[in-house]
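This is run-v5.csv. It holds CSV, C-alpha atoms.
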```csv
chain,number,residue,atom,x,y,z
A,1,MET,CA,117.7,163.1,36.0
A,2,SER,CA,115.0,160.5,35.5
A,3,ASP,CA,113.7,161.1,32.0
A,4,GLU,CA,114.9,158.7,29.4
A,5,PRO,CA,117.3,160.0,26.8
A,6,THR,CA,116.5,160.5,23.1
A,7,VAL,CA,117.5,157.4,21.2
A,8,ASN,CA,118.4,157.6,17.5
A,9,ARG,CA,118.3,153.9,16.4
A,10,ASP,CA,120.0,152.1,13.6
A,11,VAL,CA,122.4,154.8,12.4
A,12,GLU,CA,124.8,153.4,9.8
A,13,TYR,CA,128.4,153.8,10.7
A,14,GLY,CA,129.9,151.6,8.0
A,15,VAL,CA,129.3,148.8,5.5
A,16,VAL,CA,131.2,145.5,5.1
A,17,GLY,CA,130.4,143.9,1.8
A,18,SER,CA,126.6,144.3,1.6
A,19,THR,CA,126.2,144.3,5.4
A,20,PRO,CA,125.4,147.7,7.0
A,21,LEU,CA,127.0,148.3,10.5
A,22,LEU,CA,124.5,150.1,12.7
A,23,LEU,CA,124.6,151.9,16.1
A,24,ASP,CA,122.2,153.7,18.4
A,25,VAL,CA,122.9,157.2,19.7
A,26,TYR,CA,121.7,158.0,23.2
A,27,ASP,CA,121.5,161.8,23.7
A,28,ARG,CA,120.1,164.4,26.0
A,29,SER,CA,120.8,167.9,24.7
A,30,ILE,CA,121.3,170.6,27.3
A,31,SER,CA,122.6,173.6,25.5
A,32,ASP,CA,125.0,174.2,22.6
A,33,ASP,CA,127.9,175.0,24.9
A,34,ALA,CA,127.2,172.1,27.3
A,35,ASP,CA,126.8,169.7,24.4
A,36,ARG,CA,130.1,170.7,22.9
A,37,ALA,CA,131.9,170.3,26.2
A,38,ARG,CA,130.5,166.8,27.2
A,39,ALA,CA,132.4,163.6,26.7
A,40,ALA,CA,131.3,160.6,24.7
A,41,ILE,CA,131.1,156.9,25.4
A,42,VAL,CA,131.3,154.1,22.9
A,43,LEU,CA,129.2,151.4,24.7
A,44,VAL,CA,129.9,147.9,23.5
A,45,HIS,CA,127.5,145.1,24.3
A,46,GLY,CA,128.5,141.6,25.4
A,47,GLY,CA,127.3,138.2,24.3
A,48,GLY,CA,130.4,136.0,23.9
A,49,TRP,CA,131.2,137.6,20.5
A,50,PHE,CA,128.3,135.4,19.0
A,51,ARG,CA,125.1,137.0,20.5
A,52,GLY,CA,124.0,140.2,22.0
A,53,ASP,CA,122.6,143.4,20.5
A,54,LYS,CA,122.8,147.2,21.1
A,55,SER,CA,119.1,147.3,21.8
A,56,LYS,CA,119.7,145.7,25.2
A,57,GLU,CA,121.8,148.6,26.4
A,58,LEU,CA,119.1,151.0,27.4
A,59,SER,CA,119.5,150.7,31.1
A,60,LEU,CA,123.3,151.3,31.2
A,61,ALA,CA,123.2,153.8,28.4
A,62,THR,CA,120.6,155.8,30.4
A,63,LYS,CA,122.9,155.9,33.4
A,64,LEU,CA,125.7,157.2,31.3
A,65,VAL,CA,123.5,159.9,29.7
A,66,ASP,CA,122.3,160.8,33.2
A,67,ALA,CA,126.0,161.3,34.1
A,68,GLY,CA,126.4,163.8,31.3
A,69,TYR,CA,127.7,161.7,28.4
A,70,ILE,CA,126.5,161.1,24.8
A,71,VAL,CA,126.5,157.4,24.1
A,72,PHE,CA,127.2,155.5,20.9
A,73,ALA,CA,126.2,151.9,21.1
A,74,PRO,CA,127.3,149.9,18.1
A,75,ASN,CA,126.4,146.4,16.9
A,76,TYR,CA,129.3,144.5,15.4
A,77,ARG,CA,129.8,141.4,13.3
A,78,GLU,CA,129.5,138.2,15.3
A,79,ALA,CA,130.8,134.7,15.1
A,80,PRO,CA,130.5,132.2,13.6
A,81,ASP,CA,129.7,134.2,10.4
A,82,ALA,CA,132.4,136.8,11.2
A,83,THR,CA,135.3,135.7,13.4
A,84,PHE,CA,138.3,137.5,14.9
A,85,PRO,CA,139.2,140.3,14.2
A,86,ALA,CA,135.9,141.4,12.8
A,87,SER,CA,134.3,142.4,16.1
A,88,ARG,CA,137.4,144.3,17.2
A,89,ASP,CA,137.6,146.2,13.9
A,90,ASP,CA,134.0,147.1,13.9
A,91,VAL,CA,134.1,148.7,17.4
A,92,GLN,CA,137.1,150.8,16.4
A,93,ALA,CA,135.3,151.8,13.2
A,94,ALA,CA,132.3,152.9,15.2
A,95,ALA,CA,134.6,155.2,17.3
A,96,LYS,CA,136.1,156.7,14.2
A,97,TRP,CA,132.7,157.3,12.8
A,98,ALA,CA,131.6,159.0,16.0
A,99,LEU,CA,134.6,161.3,16.0
A,100,ALA,CA,133.9,162.3,12.4
A,101,SER,CA,130.1,162.7,12.9
A,102,ASP,CA,128.1,165.8,13.4
A,103,TRP,CA,127.1,164.9,17.0
A,104,SER,CA,128.2,167.5,19.5
A,105,PHE,CA,130.8,166.5,22.0
A,106,ASP,CA,134.4,167.3,22.9
A,107,ARG,CA,136.5,165.1,20.6
A,108,SER,CA,139.3,165.0,23.1
A,109,LYS,CA,137.0,163.2,25.5
A,110,LEU,CA,135.9,159.8,24.3
A,111,ALA,CA,136.0,156.5,26.2
A,112,PHE,CA,135.0,152.9,25.6
A,113,PHE,CA,132.7,151.0,28.0
A,114,GLY,CA,131.7,147.3,27.8
A,115,GLY,CA,131.0,144.1,29.5
A,116,SER,CA,132.0,140.4,28.9
A,117,ALA,CA,133.0,140.2,25.2
A,118,GLY,CA,132.4,143.9,25.1
A,119,GLY,CA,134.8,144.2,27.9
A,120,ASN,CA,137.4,142.6,25.8
A,121,LEU,CA,136.7,144.8,22.8
A,122,VAL,CA,136.9,148.0,24.7
A,123,VAL,CA,140.4,147.3,26.0
A,124,GLU,CA,141.4,146.3,22.5
A,125,ALA,CA,140.1,149.7,21.4
A,126,SER,CA,142.0,151.4,24.2
A,127,ILE,CA,145.2,149.8,23.1
A,128,ALA,CA,144.6,150.9,19.5
A,129,THR,CA,143.5,154.5,20.3
A,130,GLY,CA,145.0,155.5,23.6
A,131,ARG,CA,141.5,156.4,24.9
A,132,PRO,CA,140.2,155.3,28.3
A,133,ALA,CA,138.2,152.1,28.8
A,134,VAL,CA,135.9,150.6,31.4
A,135,SER,CA,135.7,146.8,31.2
A,136,TRP,CA,133.4,144.7,33.2
A,137,SER,CA,134.2,141.0,33.1
A,138,GLY,CA,136.3,141.2,30.0
A,139,MET,CA,138.0,138.1,28.7
A,140,PHE,CA,141.6,138.8,27.8
A,141,ASP,CA,144.2,135.9,27.8
A,142,LEU,CA,142.2,133.8,25.4
A,143,LEU,CA,145.1,131.5,24.6
A,144,GLY,CA,145.8,131.0,28.3
A,145,ILE,CA,142.1,130.2,29.1
A,146,VAL,CA,141.9,127.6,26.3
A,147,GLU,CA,145.2,126.0,27.3
A,148,ALA,CA,144.0,125.8,30.9
A,149,THR,CA,140.8,124.0,29.9
A,150,ASP,CA,142.2,121.6,27.3
A,151,ASP,CA,140.8,118.7,29.4
A,152,LEU,CA,137.3,119.9,29.0
A,153,PRO,CA,134.8,119.8,26.0
A,154,ALA,CA,133.8,123.1,24.4
A,155,THR,CA,130.1,123.3,25.2
A,156,PRO,CA,127.6,125.9,24.1
A,157,THR,CA,125.2,127.4,26.7
A,158,SER,CA,121.7,126.2,27.2
A,159,GLN,CA,120.6,129.7,28.1
A,160,ASP,CA,118.4,131.5,25.6
A,161,LEU,CA,120.6,134.6,25.4
A,162,ASN,CA,118.5,136.4,22.8
A,163,ALA,CA,115.5,136.4,25.2
A,164,MET,CA,117.5,137.5,28.2
A,165,LYS,CA,118.4,140.9,29.6
A,166,SER,CA,122.1,141.5,29.6
A,167,ALA,CA,122.1,141.7,33.4
A,168,ASP,CA,120.7,138.2,33.6
A,169,ILE,CA,123.2,136.3,31.5
A,170,ASN,CA,125.9,134.0,33.0
A,171,GLN,CA,125.1,134.9,36.6
A,172,THR,CA,125.6,131.4,38.2
A,173,GLY,CA,129.4,131.3,38.5
A,174,PRO,CA,132.1,129.5,36.6
A,175,ASN,CA,131.3,127.5,33.4
A,176,ASP,CA,134.7,126.7,31.9
A,177,ALA,CA,133.3,124.5,29.1
A,178,PHE,CA,131.1,127.3,27.8
A,179,LEU,CA,133.9,129.9,28.3
A,180,ARG,CA,136.1,127.7,26.2
A,181,TRP,CA,133.4,127.4,23.6
A,182,THR,CA,132.9,131.1,23.3
A,183,ILE,CA,136.6,131.7,22.7
A,184,LEU,CA,137.1,128.9,20.2
A,185,ASN,CA,133.9,130.1,18.4
A,186,GLU,CA,135.3,133.6,18.1
A,187,VAL,CA,138.4,132.3,16.3
A,188,GLY,CA,136.4,129.9,14.1
A,189,GLY,CA,138.2,127.0,15.8
A,190,ASP,CA,141.6,128.2,14.5
A,191,ARG,CA,143.9,128.0,17.5
A,192,SER,CA,146.6,129.7,15.6
A,193,LEU,CA,144.6,133.0,16.0
A,194,LEU,CA,144.5,132.8,19.8
A,195,GLU,CA,147.8,134.5,20.4
A,196,ALA,CA,146.8,137.5,18.3
A,197,ALA,CA,143.3,137.6,19.9
A,198,SER,CA,144.8,137.5,23.5
A,199,THR,CA,144.7,141.1,24.7
A,200,THR,CA,146.9,140.4,27.6
A,201,ARG,CA,149.7,139.4,25.3
A,202,HIS,CA,149.9,142.6,23.2
A,203,VAL,CA,149.4,145.4,25.6
A,204,SER,CA,151.1,148.7,24.7
A,205,ALA,CA,152.4,151.7,26.5
A,206,GLN,CA,150.1,153.7,24.1
A,207,CYS,CA,147.0,152.3,25.8
A,208,GLY,CA,144.6,154.6,27.6
A,209,PRO,CA,143.9,154.2,31.3
A,210,VAL,CA,141.7,151.2,32.1
A,211,PHE,CA,139.1,150.4,34.7
A,212,LEU,CA,138.6,146.6,35.2
A,213,ALA,CA,135.8,144.9,37.3
A,214,ASN,CA,135.3,141.2,37.9
A,215,SER,CA,133.4,139.1,40.4
A,216,LEU,CA,135.4,136.8,42.6
A,217,ASN,CA,133.6,133.6,41.5
A,218,GLU,CA,132.0,134.3,38.2
A,219,PHE,CA,132.0,133.1,34.6
A,220,VAL,CA,135.3,134.8,33.8
A,221,PRO,CA,138.1,133.7,36.2
A,222,VAL,CA,139.3,136.6,38.4
A,223,SER,CA,142.9,135.5,37.6
A,224,ASP,CA,142.3,136.8,34.0
A,225,ALA,CA,141.4,140.3,35.2
A,226,ARG,CA,144.4,140.3,37.6
A,227,ALA,CA,146.8,139.2,34.8
A,228,MET,CA,145.3,142.0,32.6
A,229,GLN,CA,146.0,144.6,35.2
A,230,GLU,CA,149.5,143.3,35.7
A,231,ALA,CA,150.2,143.4,32.0
A,232,LEU,CA,149.0,147.0,31.7
A,233,SER,CA,150.9,148.0,34.8
A,234,ASN,CA,154.1,146.5,33.4
A,235,VAL,CA,154.0,148.9,30.5
A,236,GLY,CA,153.1,151.9,32.7
A,237,ILE,CA,149.4,152.1,32.1
A,238,ALA,CA,147.2,153.3,35.0
A,239,THR,CA,144.6,150.8,36.0
A,240,THR,CA,141.9,150.3,38.6
A,241,LEU,CA,140.7,146.8,39.4
A,242,GLN,CA,137.4,146.4,41.3
A,243,LEU,CA,136.8,142.9,42.7
A,244,ILE,CA,133.2,142.2,43.6
A,245,PRO,CA,132.0,139.3,45.9
A,246,GLY,CA,129.8,136.6,44.4
A,247,THR,CA,129.1,135.1,41.0
A,248,HIS,CA,127.6,138.0,39.1
A,249,HIS,CA,128.9,138.7,35.6
A,250,ALA,CA,129.3,142.1,33.8
A,251,GLU,CA,126.0,144.0,33.9
A,252,GLY,CA,124.8,141.6,36.6
A,253,TYR,CA,126.8,143.7,39.1
A,254,MET,CA,126.0,147.0,37.6
A,255,SER,CA,124.8,148.4,40.9
A,256,ALA,CA,128.1,147.7,42.5
A,257,ALA,CA,130.3,148.9,39.6
A,258,ILE,CA,128.6,151.8,38.1
A,259,GLY,CA,129.6,154.3,40.8
A,260,PRO,CA,133.3,153.5,40.7
A,261,SER,CA,133.3,153.3,36.9
A,262,LEU,CA,131.8,156.8,36.6
A,263,ALA,CA,134.3,158.1,39.2
A,264,PHE,CA,137.1,156.6,37.1
A,265,LEU,CA,135.8,158.3,33.9
A,266,GLU,CA,135.3,161.6,35.7
A,267,GLY,CA,138.9,161.4,36.9
A,268,VAL,CA,140.5,160.7,33.6
A,269,PHE,CA,138.4,163.4,31.8
A,270,SER,CA,139.2,166.0,34.4
A,271,ALA,CA,142.9,165.3,34.6
```

For this file, write the structure as structure tokens.
Amino acid sequence: MSDEPTVNRDVEYGVVGSTPLLLDVYDRSISDDADRARAAIVLVHGGGWFRGDKSKELSLATKLVDAGYIVFAPNYREAPDATFPASRDDVQAAAKWALASDWSFDRSKLAFFGGSAGGNLVVEASIATGRPAVSWSGMFDLLGIVEATDDLPATPTSQDLNAMKSADINQTGPNDAFLRWTILNEVGGDRSLLEAASTTRHVSAQCGPVFLANSLNEFVPVSDARAMQEALSNVGIATTLQLIPGTHHAEGYMSAAIGPSLAFLEGVFSA
């Protein structure tokens, strides 16, 4: 299908203090029966836990709606104003809201999908809920990455992330100083939080199946994705890891990863 989905913007899924938490719903109604039978995706934007916005997810959300899904794309609290575990908690709250909402879909069929920081948050959500997750260029062993880069400064990016499309961000290969900065920023500089924030170190046999993608020479080291797959496999969780040539990061390799990702979701929902 080529027509754009209906987008219901800025739907409130929660409030923290006086701050409303908002999401967008991407929908294309077919019929009452078809709508009730479809699966749902919670689509989580990236941005290093400190930037990014649900409004940038139109392209990927449309592909998911074209594949038959209803899509919930939440914003979440970001660092430095809100540090770990705020973003993790908000994504899971958005999923709970979707399941309790009046939107029509099969409640047994909900998955998480995200890239970069969003790729981390969706695997965290999978561990917490047992639902499937698709993670593109997620960052997982945060403690390990910081320890491996202790000889480097933590340096913010010079890219204007707010002005850029998601698919254009961090597409030039490794940048360990910025990667280190994003992680330390997410924990407010408190290294004592890195163990708890390191997804690789608290995987659970209750996790849902996970699809991982990573480029071979990108912003997130491929060793991190491999370690995440090994950790999940060690507790009996089915995983798929797609390794993509080049330096592209997350939605930058959408054309290569969208087909395998959709096949993975179709497989887990039809099993």

Long-range neighbours of Gly17 (chain A) as a PyMOL selection string, 12 Å cut-off, all atoms listed in the file, 4 positions minimum in chain
chain A and resi 21+77+82

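Atom to atom, CA of Leu142 (chain A) and CA of Glu195 (chain A) stand 7.5 Å apart.
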
Which residue, A:Pro85, A:Pro245, A:Gly115, A:Pro153, has the smallest gap to Phe211 (chain A) when you use all atoms listed in the file?
A:Gly115

Kindly give the distance, in Å, that separates CA of Gln92 (chain A) and CA of Val222 (chain A), rounded to a single decimal.
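One can read the CA of Gln92 (chain A) to CA of Val222 (chain A) distance as 26.3 Å.
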
Using all atoms listed in the file, the residue out of A:Ala196, A:Ala256, A:Ala34, A:Leu179 with shortest distance to Pro156 (chain A) is A:Leu179

Using all atoms listed in the file: which of A:Glu230, A:Ala79, A:Ile169, A:Ala271 has the shortest distance to Trp181 (chain A):
A:Ala79

Rank A:Ala154, A:Leu64, A:Ser18, A:Arg28 by their smallest atom-to-atom distance to Gly189 (chain A), using only C-alpha atoms, and report the top residue only.
A:Ala154

Pick from A:Val123, A:Leu241, A:Met228, A:Leu262, whichever lies nearest to Leu216 (chain A) using all atoms listed in the file:
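Looking only at the distances to Leu216 (chain A), the closest residue turns out to be A:Leu241.
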
Across A:Ser104, A:Ser215, A:Thr239, A:Thr129, the smallest distance to Pro174 (chain A), with all atoms listed in the file counted, is shown by A:Ser215

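Of note, CA of Ser137 (chain A) and CA of Asn75 (chain A) are spaced 18.8 Å apart.
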
Which residues, written as a list in words, have at least one atom at most 12 Å from Arg88 (chain A), with only C-alpha atoms counted and residues fewer than 6 positions away on the same chain left out?
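Everything that qualifies: Val44, Trp49, Pro74, Asn75, Tyr76, Arg77, Glu78, Ala79, Ala82, Ala94, Ala95, Ala117, Gly118, Gly119, Asn120, Leu121, Val122, Val123, Glu124, Ala125, Ser126, Ile127, Ala128, Glu186, Ala196, Ala197, Ser198 and Thr199 of chain A.
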
Using only C-alpha atoms, which protein or nucleic acid residues come within 10 Å of Gly144 (chain A)? Drop anything in the same chain fewer than 5 positions from it, and give the result as a list in words.
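Everything that qualifies: Thr149, Leu194, Glu195, Ser198, Thr200, Arg201 and Asp224 of chain A.
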
Selection: 10 Å around Tyr26 (chain A), all atoms listed in the file, excl. self and same-chain fewer than 4 positions, as a list in words
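So the residues in contact are Glu4, Pro5, Thr6, Val7, Asn8, Arg9, Ile41, Glu57, Leu58, Ala61, Thr62, Leu64, Val65, Tyr69, Ile70, Val71, Phe72 and Ala73 of chain A.
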
Some atoms are absent from region 185-212 of chain A, so rebuild N, CA and C atoms and return them as a CSV table (one decimal), in the frame of the given file.
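Saved as part.csv:
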```csv
chain,number,residue,atom,x,y,z
A,185,ASN,N,134.9,129.6,19.4
A,185,ASN,CA,133.9,130.1,18.4
A,185,ASN,C,134.4,131.4,17.8
A,186,GLU,N,134.9,132.3,18.6
A,186,GLU,CA,135.3,133.6,18.1
A,186,GLU,C,136.5,133.5,17.1
A,187,VAL,N,137.3,132.5,17.2
A,187,VAL,CA,138.4,132.3,16.3
A,187,VAL,C,138.1,131.3,15.2
A,188,GLY,N,136.8,130.9,15.1
A,188,GLY,CA,136.4,129.9,14.1
A,188,GLY,C,137.1,128.6,14.3
A,189,GLY,N,137.5,128.2,15.5
A,189,GLY,CA,138.2,127.0,15.8
A,189,GLY,C,139.6,127.0,15.4
A,190,ASP,N,140.2,128.1,15.0
A,190,ASP,CA,141.6,128.2,14.5
A,190,ASP,C,142.4,128.6,15.7
A,191,ARG,N,143.1,127.7,16.4
A,191,ARG,CA,143.9,128.0,17.5
A,191,ARG,C,145.1,128.9,17.2
A,192,SER,N,145.5,128.9,16.0
A,192,SER,CA,146.6,129.7,15.6
A,192,SER,C,146.3,131.2,15.7
A,193,LEU,N,145.0,131.6,15.8
A,193,LEU,CA,144.6,133.0,16.0
A,193,LEU,C,144.6,133.4,17.5
A,194,LEU,N,144.7,132.5,18.4
A,194,LEU,CA,144.5,132.8,19.8
A,194,LEU,C,145.5,133.7,20.3
A,195,GLU,N,146.8,133.6,19.9
A,195,GLU,CA,147.8,134.5,20.4
A,195,GLU,C,147.5,135.9,20.0
A,196,ALA,N,147.1,136.2,18.7
A,196,ALA,CA,146.8,137.5,18.3
A,196,ALA,C,145.5,138.1,19.0
A,197,ALA,N,144.6,137.2,19.3
A,197,ALA,CA,143.3,137.6,19.9
A,197,ALA,C,143.5,137.7,21.4
A,198,SER,N,144.6,137.4,22.0
A,198,SER,CA,144.8,137.5,23.5
A,198,SER,C,145.3,138.9,23.9
A,199,THR,N,144.4,139.7,24.3
A,199,THR,CA,144.7,141.1,24.7
A,199,THR,C,145.8,141.2,25.6
A,200,THR,N,145.9,140.4,26.6
A,200,THR,CA,146.9,140.4,27.6
A,200,THR,C,148.3,140.4,27.0
A,201,ARG,N,148.4,139.7,25.9
A,201,ARG,CA,149.7,139.4,25.3
A,201,ARG,C,150.2,140.5,24.3
A,202,HIS,N,149.4,141.5,24.0
A,202,HIS,CA,149.9,142.6,23.2
A,202,HIS,C,149.5,144.0,23.7
A,203,VAL,N,149.6,144.1,25.0
A,203,VAL,CA,149.4,145.4,25.6
A,203,VAL,C,150.5,146.4,25.2
A,204,SER,N,150.2,147.6,25.2
A,204,SER,CA,151.1,148.7,24.7
A,204,SER,C,151.1,149.8,25.6
A,205,ALA,N,152.3,150.5,25.7
A,205,ALA,CA,152.4,151.7,26.5
A,205,ALA,C,151.5,152.9,25.9
A,206,GLN,N,151.0,152.7,24.7
A,206,GLN,CA,150.1,153.7,24.1
A,206,GLN,C,148.7,153.5,24.5
A,207,CYS,N,148.3,152.5,25.3
A,207,CYS,CA,147.0,152.3,25.8
A,207,CYS,C,146.5,153.4,26.7
A,208,GLY,N,145.2,153.6,26.7
A,208,GLY,CA,144.6,154.6,27.6
A,208,GLY,C,144.5,154.0,29.0
A,209,PRO,N,144.2,154.8,30.0
A,209,PRO,CA,143.9,154.2,31.3
A,209,PRO,C,142.7,153.3,31.3
A,210,VAL,N,142.7,152.2,32.2
A,210,VAL,CA,141.7,151.2,32.1
A,210,VAL,C,141.1,150.9,33.5
A,211,PHE,N,139.8,150.8,33.5
A,211,PHE,CA,139.1,150.4,34.7
A,211,PHE,C,138.6,149.0,34.5
A,212,LEU,N,139.0,148.0,35.3
A,212,LEU,CA,138.6,146.6,35.2
A,212,LEU,C,137.7,146.3,36.4
```
